[in-house]
>>> print(open('work-v4.cif').read())   # mmCIF, C-alpha atoms
data_structure
loop_
_atom_site.group_PDB
_atom_site.id
_atom_site.type_symbol
_atom_site.label_atom_id
_atom_site.label_comp_id
_atom_site.auth_asym_id
_atom_site.auth_seq_id
_atom_site.Cartn_x
_atom_site.Cartn_y
_atom_site.Cartn_z
ATOM 1 C CA MET A 12 113.197 -60.681 -91.971
ATOM 2 C CA GLU A 13 114.780 -57.524 -93.298
ATOM 3 C CA LEU A 14 118.082 -59.122 -94.273
ATOM 4 C CA ASP A 15 116.259 -61.683 -96.327
ATOM 5 C CA ARG A 16 114.420 -58.997 -98.176
ATOM 6 C CA ILE A 17 117.613 -57.032 -98.857
ATOM 7 C CA GLU A 18 119.302 -60.130 -100.230
ATOM 8 C CA LYS A 19 116.401 -60.763 -102.544
ATOM 9 C CA LEU A 20 116.384 -57.152 -103.643
ATOM 10 C CA LEU A 21 120.102 -57.324 -104.398
ATOM 11 C CA GLU A 22 119.552 -60.328 -106.586
ATOM 12 C CA LYS A 23 116.798 -58.534 -108.439
ATOM 13 C CA TYR A 24 118.968 -55.441 -108.574
ATOM 14 C CA LEU A 25 121.729 -57.257 -110.424
ATOM 15 C CA GLU A 26 119.191 -58.552 -112.915
ATOM 16 C CA ALA A 27 117.972 -54.970 -113.320
ATOM 17 C CA SER A 28 114.411 -55.855 -112.447
ATOM 18 C CA THR A 29 114.056 -53.707 -109.342
ATOM 19 C CA SER A 30 111.858 -50.636 -109.398
ATOM 20 C CA VAL A 31 113.128 -47.141 -108.672
ATOM 21 C CA ALA A 32 111.532 -47.312 -105.225
ATOM 22 C CA GLU A 33 113.212 -50.624 -104.392
ATOM 23 C CA GLU A 34 116.540 -49.251 -105.454
ATOM 24 C CA LYS A 35 115.992 -46.294 -103.172
ATOM 25 C CA GLU A 36 115.380 -48.758 -100.371
ATOM 26 C CA LEU A 37 118.693 -50.427 -101.087
ATOM 27 C CA ARG A 38 120.505 -47.106 -101.070
ATOM 28 C CA THR A 39 118.988 -46.207 -97.716
ATOM 29 C CA TYR A 40 119.864 -49.591 -96.312
ATOM 30 C CA PHE A 41 123.500 -49.347 -97.338
ATOM 31 C CA SER A 42 123.878 -45.792 -96.157
ATOM 32 C CA GLN A 43 123.805 -46.968 -92.550
ATOM 33 C CA GLU A 44 127.012 -47.724 -90.699
ATOM 34 C CA SER A 45 126.687 -51.391 -89.832
ATOM 35 C CA VAL A 46 126.121 -53.780 -92.694
ATOM 36 C CA PRO A 47 126.526 -57.561 -92.381
ATOM 37 C CA THR A 48 129.996 -58.574 -93.569
ATOM 38 C CA HIS A 49 128.815 -60.696 -96.468
ATOM 39 C CA LEU A 50 127.007 -57.652 -97.886
ATOM 40 C CA GLU A 51 129.775 -55.138 -97.165
ATOM 41 C CA GLN A 52 131.078 -55.313 -100.717
ATOM 42 C CA TYR A 53 127.858 -53.722 -101.968
ATOM 43 C CA ALA A 54 128.069 -50.725 -99.679
ATOM 44 C CA PRO A 55 130.591 -48.651 -101.690
ATOM 45 C CA MET A 56 128.434 -48.988 -104.783
ATOM 46 C CA PHE A 57 125.290 -47.576 -103.241
ATOM 47 C CA LYS A 58 127.155 -45.018 -101.167
ATOM 48 C CA TYR A 59 128.902 -43.815 -104.265
ATOM 49 C CA PHE A 60 125.629 -43.440 -106.159
ATOM 50 C CA SER A 61 124.152 -41.321 -103.384
ATOM 51 C CA LEU A 62 127.296 -39.250 -103.246
ATOM 52 C CA ALA A 63 127.504 -38.778 -107.005
ATOM 53 C CA LYS A 64 124.065 -37.241 -106.923
ATOM 54 C CA GLU A 65 125.317 -34.509 -104.627
ATOM 55 C CA GLU A 66 127.663 -33.086 -107.201
ATOM 56 C CA ARG A 67 126.716 -29.604 -108.336
ATOM 57 C CA PHE A 68 127.422 -27.457 -111.337
ATOM 58 C CA THR A 69 128.884 -24.277 -109.880
ATOM 59 C CA LYS A 70 130.225 -22.459 -112.890
ATOM 60 C CA GLN A 71 128.442 -19.279 -113.905
ATOM 61 C CA VAL A 72 126.945 -19.121 -117.360
ATOM 62 C CA PRO A 73 127.424 -15.777 -119.098
ATOM 63 C CA LEU A 74 123.995 -15.519 -120.656
ATOM 64 C CA LYS A 75 122.748 -11.971 -120.969
ATOM 65 C CA THR A 76 125.957 -9.979 -120.931
ATOM 66 C CA ARG A 77 127.407 -11.328 -124.118
ATOM 67 C CA ARG A 78 124.220 -10.931 -126.117
ATOM 68 C CA ASP A 79 123.661 -7.369 -124.949
ATOM 69 C CA TYR A 80 127.214 -6.420 -125.609
ATOM 70 C CA PHE A 81 126.959 -7.469 -129.231
ATOM 71 C CA LYS A 82 123.591 -5.814 -129.692
ATOM 72 C CA TRP A 83 124.680 -2.459 -128.337
ATOM 73 C CA ALA A 84 128.037 -2.600 -130.054
ATOM 74 C CA SER A 85 126.355 -3.098 -133.418
ATOM 75 C CA ILE A 86 123.939 -0.236 -132.789
ATOM 76 C CA ALA A 87 126.819 2.045 -131.816
ATOM 77 C CA ALA A 88 128.803 1.003 -134.866
ATOM 78 C CA VAL A 89 125.904 1.775 -137.209
ATOM 79 C CA ALA A 90 125.343 5.161 -135.555
ATOM 80 C CA VAL A 91 129.008 6.096 -135.919
ATOM 81 C CA LEU A 92 128.963 5.012 -139.532
ATOM 82 C CA MET A 93 125.862 7.103 -140.326
ATOM 83 C CA PHE A 94 127.315 10.193 -138.666
ATOM 84 C CA GLY A 95 130.538 9.636 -140.523
ATOM 85 C CA ILE A 96 128.811 9.454 -143.895
ATOM 86 C CA TYR A 97 126.624 12.481 -143.166
ATOM 87 C CA PHE A 98 129.376 14.760 -141.919
ATOM 88 C CA GLY A 99 131.836 13.447 -144.470
ATOM 89 C CA ASN A 100 129.434 14.464 -147.239
ATOM 90 C CA GLU A 101 128.917 17.893 -145.687
ATOM 91 C CA TYR A 102 132.626 18.458 -145.504
ATOM 92 C CA GLN A 103 133.100 17.333 -149.084
ATOM 93 C CA LYS A 104 130.446 19.792 -150.285
ATOM 94 C CA GLN A 105 132.042 22.648 -148.389
ATOM 95 C CA LYS A 106 135.411 21.867 -149.944
ATOM 96 C CA GLU A 107 133.894 21.803 -153.395
ATOM 97 C CA ALA A 108 132.151 25.134 -152.891
ATOM 98 C CA GLU A 109 135.374 26.732 -151.681
ATOM 99 C CA PHE A 110 137.228 25.420 -154.680
ATOM 100 C CA ALA A 111 134.598 26.761 -157.075
ATOM 101 C CA TYR A 112 134.667 30.159 -155.377
ATOM 102 C CA ASN A 113 138.441 30.339 -155.683
ATOM 103 C CA GLU A 114 138.322 29.379 -159.342
ATOM 104 C CA THR A 115 135.688 32.018 -160.089
ATOM 105 C CA LYS A 116 137.709 34.612 -158.243
ATOM 106 C CA LYS A 117 140.769 33.715 -160.306
ATOM 107 C CA ALA A 118 138.788 33.956 -163.529
ATOM 108 C CA LEU A 119 137.294 37.329 -162.597
ATOM 109 C CA ASN A 120 140.708 38.634 -161.623
ATOM 110 C CA LEU A 121 142.053 37.582 -165.001
ATOM 111 C CA LEU A 122 139.170 39.418 -166.690
ATOM 112 C CA ALA A 123 139.737 42.526 -164.591
ATOM 113 C CA ASP A 124 143.460 42.525 -165.445
ATOM 114 C CA ASN A 125 142.755 42.320 -169.149
ATOM 115 C CA PHE A 126 140.163 45.048 -168.945
ATOM 116 C CA SER A 127 142.523 47.428 -167.229
ATOM 117 C CA ARG A 128 145.170 46.676 -169.817
ATOM 118 C CA GLY A 129 142.527 47.555 -172.454
ATOM 119 C CA THR A 130 141.772 50.936 -170.836
ATOM 120 C CA GLU A 131 145.492 51.807 -170.820
ATOM 121 C CA LYS A 132 145.551 51.412 -174.563
ATOM 122 C CA VAL A 133 142.426 53.530 -174.897
ATOM 123 C CA ALA A 134 144.291 56.306 -173.006
ATOM 124 C CA TYR A 135 146.434 56.789 -176.134
ATOM 125 C CA LEU A 136 143.287 57.464 -178.113
ATOM 126 C CA ASN A 137 142.498 60.311 -175.756
ATOM 127 C CA GLU A 138 145.862 61.840 -176.576
ATOM 128 C CA PHE A 139 145.004 61.622 -180.274
ATOM 129 C CA GLU A 140 141.679 63.307 -179.663
ATOM 130 C CA ASN A 141 143.371 66.165 -177.820
ATOM 131 C CA THR A 142 145.808 66.763 -180.620
ATOM 132 C CA LYS A 143 142.977 66.607 -183.137
ATOM 133 C CA GLN A 144 141.063 69.264 -181.177
ATOM 134 C CA LYS A 145 144.115 71.504 -181.117
ATOM 135 C CA ILE A 146 144.481 71.238 -184.857
ATOM 136 C CA TYR A 147 140.792 71.940 -185.368
ATOM 137 C CA ASN A 148 140.973 74.992 -183.130
ATOM 138 C CA ASN A 149 143.989 76.386 -184.912
ATOM 139 C CA ASN A 150 142.321 76.205 -188.232
ATOM 140 C CA MET B 29 111.566 -15.735 -122.600
ATOM 141 C CA LYS B 30 113.421 -13.572 -120.137
ATOM 142 C CA GLN B 31 116.658 -14.558 -118.481
ATOM 143 C CA SER B 32 115.064 -15.149 -115.092
ATOM 144 C CA GLU B 33 112.369 -17.392 -116.583
ATOM 145 C CA PHE B 34 115.009 -19.295 -118.482
ATOM 146 C CA LEU B 35 117.044 -19.808 -115.329
ATOM 147 C CA ASN B 36 113.964 -21.062 -113.539
ATOM 148 C CA VAL B 37 113.422 -23.644 -116.258
ATOM 149 C CA VAL B 38 117.056 -24.688 -116.379
ATOM 150 C CA MET B 39 117.945 -24.565 -112.673
ATOM 151 C CA PRO B 40 116.318 -27.857 -111.629
ATOM 152 C CA PHE B 41 118.288 -29.991 -114.067
ATOM 153 C CA LYS B 42 121.553 -28.200 -114.731
ATOM 154 C CA ASP B 43 123.307 -30.385 -112.163
ATOM 155 C CA LYS B 44 122.034 -33.480 -113.931
ATOM 156 C CA LEU B 45 123.517 -32.234 -117.193
ATOM 157 C CA PHE B 46 126.800 -31.619 -115.450
ATOM 158 C CA ARG B 47 126.877 -35.035 -113.801
ATOM 159 C CA LEU B 48 126.127 -36.790 -117.075
ATOM 160 C CA ALA B 49 128.841 -34.772 -118.797
ATOM 161 C CA LYS B 50 131.299 -35.586 -116.047
ATOM 162 C CA ARG B 51 130.446 -39.265 -116.211
ATOM 163 C CA LEU B 52 131.259 -39.311 -119.899
ATOM 164 C CA LEU B 53 134.163 -36.863 -120.045
ATOM 165 C CA VAL B 54 135.648 -37.731 -116.625
ATOM 166 C CA SER B 55 137.480 -34.431 -116.270
ATOM 167 C CA ARG B 56 135.711 -31.824 -114.185
ATOM 168 C CA GLU B 57 136.861 -28.899 -116.344
ATOM 169 C CA GLU B 58 135.743 -30.600 -119.535
ATOM 170 C CA ALA B 59 132.378 -31.339 -118.002
ATOM 171 C CA GLU B 60 131.973 -27.754 -116.805
ATOM 172 C CA ASP B 61 132.794 -26.415 -120.248
ATOM 173 C CA ALA B 62 130.384 -28.858 -121.857
ATOM 174 C CA THR B 63 127.562 -27.914 -119.491
ATOM 175 C CA GLN B 64 128.191 -24.238 -120.070
ATOM 176 C CA GLU B 65 128.120 -24.797 -123.799
ATOM 177 C CA ILE B 66 124.837 -26.697 -123.592
ATOM 178 C CA LEU B 67 123.187 -24.043 -121.445
ATOM 179 C CA MET B 68 124.298 -21.316 -123.811
ATOM 180 C CA LYS B 69 122.960 -23.276 -126.760
ATOM 181 C CA LEU B 70 119.637 -23.665 -124.965
ATOM 182 C CA TRP B 71 119.590 -19.937 -124.210
ATOM 183 C CA SER B 72 120.260 -19.081 -127.824
ATOM 184 C CA LYS B 73 117.122 -20.935 -128.871
ATOM 185 C CA ASN B 74 115.072 -19.857 -125.893
ATOM 186 C CA GLU B 75 112.191 -18.589 -128.029
ATOM 187 C CA LYS B 76 111.546 -22.149 -129.116
ATOM 188 C CA ILE B 77 111.904 -23.708 -125.698
ATOM 189 C CA GLY B 78 108.207 -23.338 -125.006
ATOM 190 C CA ASN B 79 107.508 -25.758 -127.857
ATOM 191 C CA TYR B 80 109.369 -28.624 -126.255
ATOM 192 C CA LYS B 81 107.276 -30.760 -123.983
ATOM 193 C CA ASN B 82 110.161 -31.846 -121.856
ATOM 194 C CA VAL B 83 113.050 -29.411 -121.767
ATOM 195 C CA GLU B 84 114.995 -31.599 -119.377
ATOM 196 C CA ALA B 85 114.940 -34.616 -121.679
ATOM 197 C CA PHE B 86 115.863 -32.395 -124.589
ATOM 198 C CA ALA B 87 118.783 -30.896 -122.694
ATOM 199 C CA MET B 88 119.967 -34.312 -121.517
ATOM 200 C CA THR B 89 119.938 -35.611 -125.090
ATOM 201 C CA MET B 90 121.885 -32.546 -126.193
ATOM 202 C CA THR B 91 124.439 -33.158 -123.456
ATOM 203 C CA LYS B 92 124.782 -36.811 -124.361
ATOM 204 C CA ASN B 93 125.341 -36.038 -128.037
ATOM 205 C CA PHE B 94 127.702 -33.182 -127.284
ATOM 206 C CA CYS B 95 129.850 -35.308 -124.984
ATOM 207 C CA LEU B 96 129.969 -38.260 -127.369
ATOM 208 C CA ASP B 97 131.073 -35.917 -130.158
ATOM 209 C CA ARG B 98 133.605 -34.467 -127.801
ATOM 210 C CA LEU B 99 135.004 -37.907 -127.053
ATOM 211 C CA LYS B 100 135.241 -38.719 -130.732
ATOM 212 C CA SER B 101 137.106 -35.553 -131.635
ATOM 213 C CA LYS B 102 140.831 -35.446 -131.208
ATOM 214 C CA GLN B 103 140.603 -32.403 -128.994
ATOM 215 C CA ALA B 104 139.629 -34.544 -126.086
ATOM 216 C CA SER B 105 142.318 -37.140 -126.621
ATOM 217 C CA ASN B 106 144.112 -36.310 -123.383
ATOM 218 C CA LEU B 107 141.553 -35.891 -120.682
ATOM 219 C CA LYS B 108 142.671 -35.418 -117.132
ATOM 220 C CA LEU B 109 141.357 -37.431 -114.251
ATOM 221 C CA VAL B 110 139.983 -35.188 -111.557
ATOM 222 C CA HIS B 111 138.353 -36.507 -108.468
ATOM 223 C CA SER B 112 135.653 -34.706 -106.602
ATOM 224 C CA ASN B 113 135.801 -34.120 -102.888
ATOM 225 C CA TYR B 114 133.814 -36.560 -100.910
ATOM 226 C CA GLY B 115 131.685 -35.347 -98.066
ATOM 227 C CA ASP B 116 132.729 -36.534 -94.636
ATOM 228 C CA ASP B 117 130.709 -38.916 -92.549
ATOM 229 C CA ASN B 118 131.110 -39.504 -88.852
ATOM 230 C CA ALA B 119 133.138 -42.658 -89.111
ATOM 231 C CA SER B 120 136.602 -42.906 -87.613
ATOM 232 C CA LEU B 121 139.536 -41.707 -89.677
ATOM 233 C CA GLN B 122 140.658 -45.185 -90.604
ATOM 234 C CA LYS B 123 137.170 -46.139 -91.670
ATOM 235 C CA GLN B 124 136.785 -42.820 -93.459
ATOM 236 C CA VAL B 125 139.935 -43.346 -95.501
ATOM 237 C CA GLU B 126 138.786 -46.832 -96.357
ATOM 238 C CA THR B 127 135.352 -45.786 -97.519
ATOM 239 C CA ARG B 128 136.780 -42.898 -99.476
ATOM 240 C CA ASP B 129 139.086 -45.353 -101.177
ATOM 241 C CA SER B 130 136.367 -47.799 -102.022
ATOM 242 C CA LEU B 131 134.102 -45.022 -103.227
ATOM 243 C CA SER B 132 136.740 -43.753 -105.613
ATOM 244 C CA TRP B 133 137.128 -47.340 -106.755
ATOM 245 C CA VAL B 134 133.526 -47.332 -107.847
ATOM 246 C CA GLU B 135 134.170 -44.132 -109.748
ATOM 247 C CA LYS B 136 137.206 -45.643 -111.443
ATOM 248 C CA ILE B 137 135.383 -48.855 -112.246
ATOM 249 C CA MET B 138 132.620 -46.833 -113.855
ATOM 250 C CA GLU B 139 135.182 -44.972 -115.937
ATOM 251 C CA ASP B 140 136.202 -48.243 -117.533
ATOM 252 C CA LEU B 141 132.687 -49.258 -118.540
ATOM 253 C CA PRO B 142 131.582 -48.898 -122.162
ATOM 254 C CA GLU B 143 129.831 -45.581 -122.792
ATOM 255 C CA GLN B 144 126.367 -47.084 -123.143
ATOM 256 C CA GLN B 145 126.640 -48.872 -119.810
ATOM 257 C CA LYS B 146 128.070 -45.762 -118.187
ATOM 258 C CA MET B 147 125.115 -43.690 -119.300
ATOM 259 C CA VAL B 148 122.486 -46.230 -118.337
ATOM 260 C CA LEU B 149 124.022 -46.706 -114.902
ATOM 261 C CA GLN B 150 124.338 -42.962 -114.385
ATOM 262 C CA LEU B 151 120.774 -42.246 -115.435
ATOM 263 C CA ARG B 152 119.267 -45.081 -113.448
ATOM 264 C CA ASP B 153 121.299 -45.428 -110.275
ATOM 265 C CA VAL B 154 122.359 -41.824 -109.803
ATOM 266 C CA GLU B 155 119.544 -39.810 -111.366
ATOM 267 C CA GLU B 156 116.805 -42.383 -110.723
ATOM 268 C CA TYR B 157 115.220 -42.119 -114.152
ATOM 269 C CA ASP B 158 112.700 -44.764 -115.094
ATOM 270 C CA PHE B 159 113.140 -47.011 -118.114
ATOM 271 C CA ASP B 160 110.837 -44.958 -120.339
ATOM 272 C CA GLU B 161 112.859 -41.807 -119.781
ATOM 273 C CA ILE B 162 116.134 -43.604 -120.351
ATOM 274 C CA GLY B 163 114.720 -45.181 -123.489
ATOM 275 C CA GLU B 164 113.751 -41.776 -124.812
ATOM 276 C CA LEU B 165 117.158 -40.298 -124.063
ATOM 277 C CA LEU B 166 119.299 -43.086 -125.391
ATOM 278 C CA ASN B 167 117.022 -44.424 -128.113
ATOM 279 C CA MET B 168 116.874 -47.855 -126.538
ATOM 280 C CA LYS B 169 114.163 -50.422 -125.983
ATOM 281 C CA PRO B 170 113.317 -51.346 -122.368
ATOM 282 C CA THR B 171 114.694 -54.869 -122.797
ATOM 283 C CA ALA B 172 117.976 -53.519 -124.130
ATOM 284 C CA ILE B 173 118.195 -51.106 -121.219
ATOM 285 C CA ARG B 174 117.594 -53.917 -118.772
ATOM 286 C CA VAL B 175 120.346 -56.042 -120.291
ATOM 287 C CA THR B 176 122.818 -53.174 -120.383
ATOM 288 C CA LEU B 177 121.997 -52.112 -116.853
ATOM 289 C CA SER B 178 122.313 -55.616 -115.485
ATOM 290 C CA ARG B 179 125.651 -56.054 -117.216
ATOM 291 C CA ALA B 180 126.933 -52.757 -115.854
ATOM 292 C CA ARG B 181 125.847 -53.504 -112.296
ATOM 293 C CA LYS B 182 127.365 -56.957 -112.372
ATOM 294 C CA THR B 183 130.657 -55.631 -113.729
ATOM 295 C CA VAL B 184 130.866 -53.002 -111.023
ATOM 296 C CA ARG B 185 130.128 -55.567 -108.335
ATOM 297 C CA GLU B 186 132.634 -58.074 -109.672
ATOM 298 C CA LYS B 187 135.441 -55.572 -109.951
ATOM 299 C CA LEU B 188 134.630 -54.244 -106.528
ATOM 300 C CA MET B 189 134.824 -57.770 -105.114
ATOM 301 C CA GLN B 190 138.192 -58.302 -106.777
ATOM 302 C CA LYS B 191 139.582 -55.140 -105.216
ATOM 303 C CA HIS B 192 138.048 -56.094 -101.912
ATOM 304 C CA SER B 193 139.640 -59.492 -101.774
ATOM 305 C CA TYR B 194 143.012 -58.108 -102.893
ATOM 306 C CA GLY B 195 142.777 -55.652 -100.058
ATOM 307 C CA ILE B 196 142.241 -58.432 -97.562
ATOM 308 C CA GLY B 197 144.622 -61.015 -98.951
#
>>> encode(input="work-v4.cif", output="structure tokens")
Amino acid sequence: MELDRIEKLLEKYLEASTSVAEEKELRTYFSQESVPTHLEQYAPMFKYFSLAKEERFTKQVPLKTRRDYFKWASIAAVAVLMFGIYFGNEYQKQKEAEFAYNETKKALNLLADNFSRGTEKVAYLNEFENTKQKIYNNN
Amino acid sequence: MKQSEFLNVVMPFKDKLFRLAKRLLVSREEAEDATQEILMKLWSKNEKIGNYKNVEAFAMTMTKNFCLDRLKSKQASNLKLVHSNYGDDNASLQKQVETRDSLSWVEKIMEDLPEQQKMVLQLRDVEEYDFDEIGELLNMKPTAIRVTLSRARKTVREKLMQKHSYGIG
């Protein structure tokens, strides 16, 4: 008799000595519509267990995107940094060279000024020479 | 391991992780977050995954520990109760409402069980794990599992009977 067997299985079930297969049998039995009234109280239990197994995890897991984003972002950041250092250095050098050029120009200008002032003074000497020649010629 | 391979490994048991998390944390959102966290943790150590004999058992243990930590921390002190939608059967409306009610009773009764009993009942009666697997996951001896399981089943039945007789009387 099936009912007999189910009752025995239920007893074993409560003592937790049923096998997985026997428990499956119980679940199938209680999933049907008509269950004897004295066993009706067990139905929700087994129905609930079957139902609970249907629940699914539907949320998406952002696996790849996040990893990639960080990887590429770090590569880009390093590249920008390298370019920055390289071109920054270049620019610095150019500035320095310009500064040195200007300084040299200033120094040379100063020299040139002083030289020309020197030649002006020497012009007086020429005058002296002329006069000396005149005197020599007269004598 | 590539993403597609990883998904193939994880796909068969991700729902089990979620259901265990939901059993422990009750709230659907909390359980979803927990499952997501676990899967991301697994992904982050995906090079080592090949070394584990049983990825599913490993992931289940991770989920269990994560959820228990979660419950201990103050963050989770106010969890919401969220009920899932139950699938419809062909019974009449009256009958349908009744079964839905009694099914959510079972869920509520299970919420009140101690965590150990909750987990054993979930793993055995919902996921159909055998005692060895449960023992591995929960660090329990078969006899201890049997006692806990029996206690849990009896409690659920008793409380269900109480509700049932209240409903009639």
>>> interface_residues(input="work-v4.cif", of="chain A", to="chain B", cutoff="10 Å", atoms="only C-alpha atoms", output="VMD selection string")
chain A and resid 23 to 28 30 to 32 34 to 35 38 44 51 to 75 78
>>> atom_distance(input="work-v4.cif", atom1="atom CA of Phe94 of chain A", atom2="atom CA of Tyr112 of chain A")
27.1 Å
>>> atom_distance(input="work-v4.cif", atom1="atom CA of Leu99 of chain B", atom2="atom CA of Val37 of chain B")
28.0 Å
>>> atom_distance(input="work-v4.cif", atom1="atom CA of Ala85 of chain B", atom2="atom CA of Leu48 of chain B")
12.3 Å
>>> axis_aligned_box(input="work-v4.cif", around="segment 15-20 of chain A", padding_each_side="3 Å", output="JSON")
{"center_x": 116.9, "center_y": -59.4, "center_z": -100.0, "size_x": 10.9, "size_y": 10.7, "size_z": 13.3}
>>> closest_residue(input="work-v4.cif", among="B:Ile66, B:Ile77, B:Leu52, B:Ala172", to="Leu96 of chain B", atoms="all atoms listed in the file")
B:Leu52
>>> residues_around(input="work-v4.cif", residues="Thr89 of chain B", least_positions_apart="6", cutoff="12 Å", atoms="all atoms listed in the file", output="ChimeraX atom specification")
/B:44-45,48-49,66,70,82-83,95-96,147,151,161-167
>>> write_last_selection(input="work-v4.cif", atoms="C-alpha atoms", output="compact mmCIF listing (two decimals), in the coordinates of the input")
# COMPACT_ATOMS: atom_id res chain seq x y z
CA LYS B 44 122.03 -33.48 -113.93
CA LEU B 45 123.52 -32.23 -117.19
CA LEU B 48 126.13 -36.79 -117.08
CA ALA B 49 128.84 -34.77 -118.80
CA ILE B 66 124.84 -26.70 -123.59
CA LEU B 70 119.64 -23.66 -124.96
CA ASN B 82 110.16 -31.85 -121.86
CA VAL B 83 113.05 -29.41 -121.77
CA CYS B 95 129.85 -35.31 -124.98
CA LEU B 96 129.97 -38.26 -127.37
CA MET B 147 125.12 -43.69 -119.30
CA LEU B 151 120.77 -42.25 -115.44
CA GLU B 161 112.86 -41.81 -119.78
CA ILE B 162 116.13 -43.60 -120.35
CA GLY B 163 114.72 -45.18 -123.49
CA GLU B 164 113.75 -41.78 -124.81
CA LEU B 165 117.16 -40.30 -124.06
CA LEU B 166 119.30 -43.09 -125.39
CA ASN B 167 117.02 -44.42 -128.11
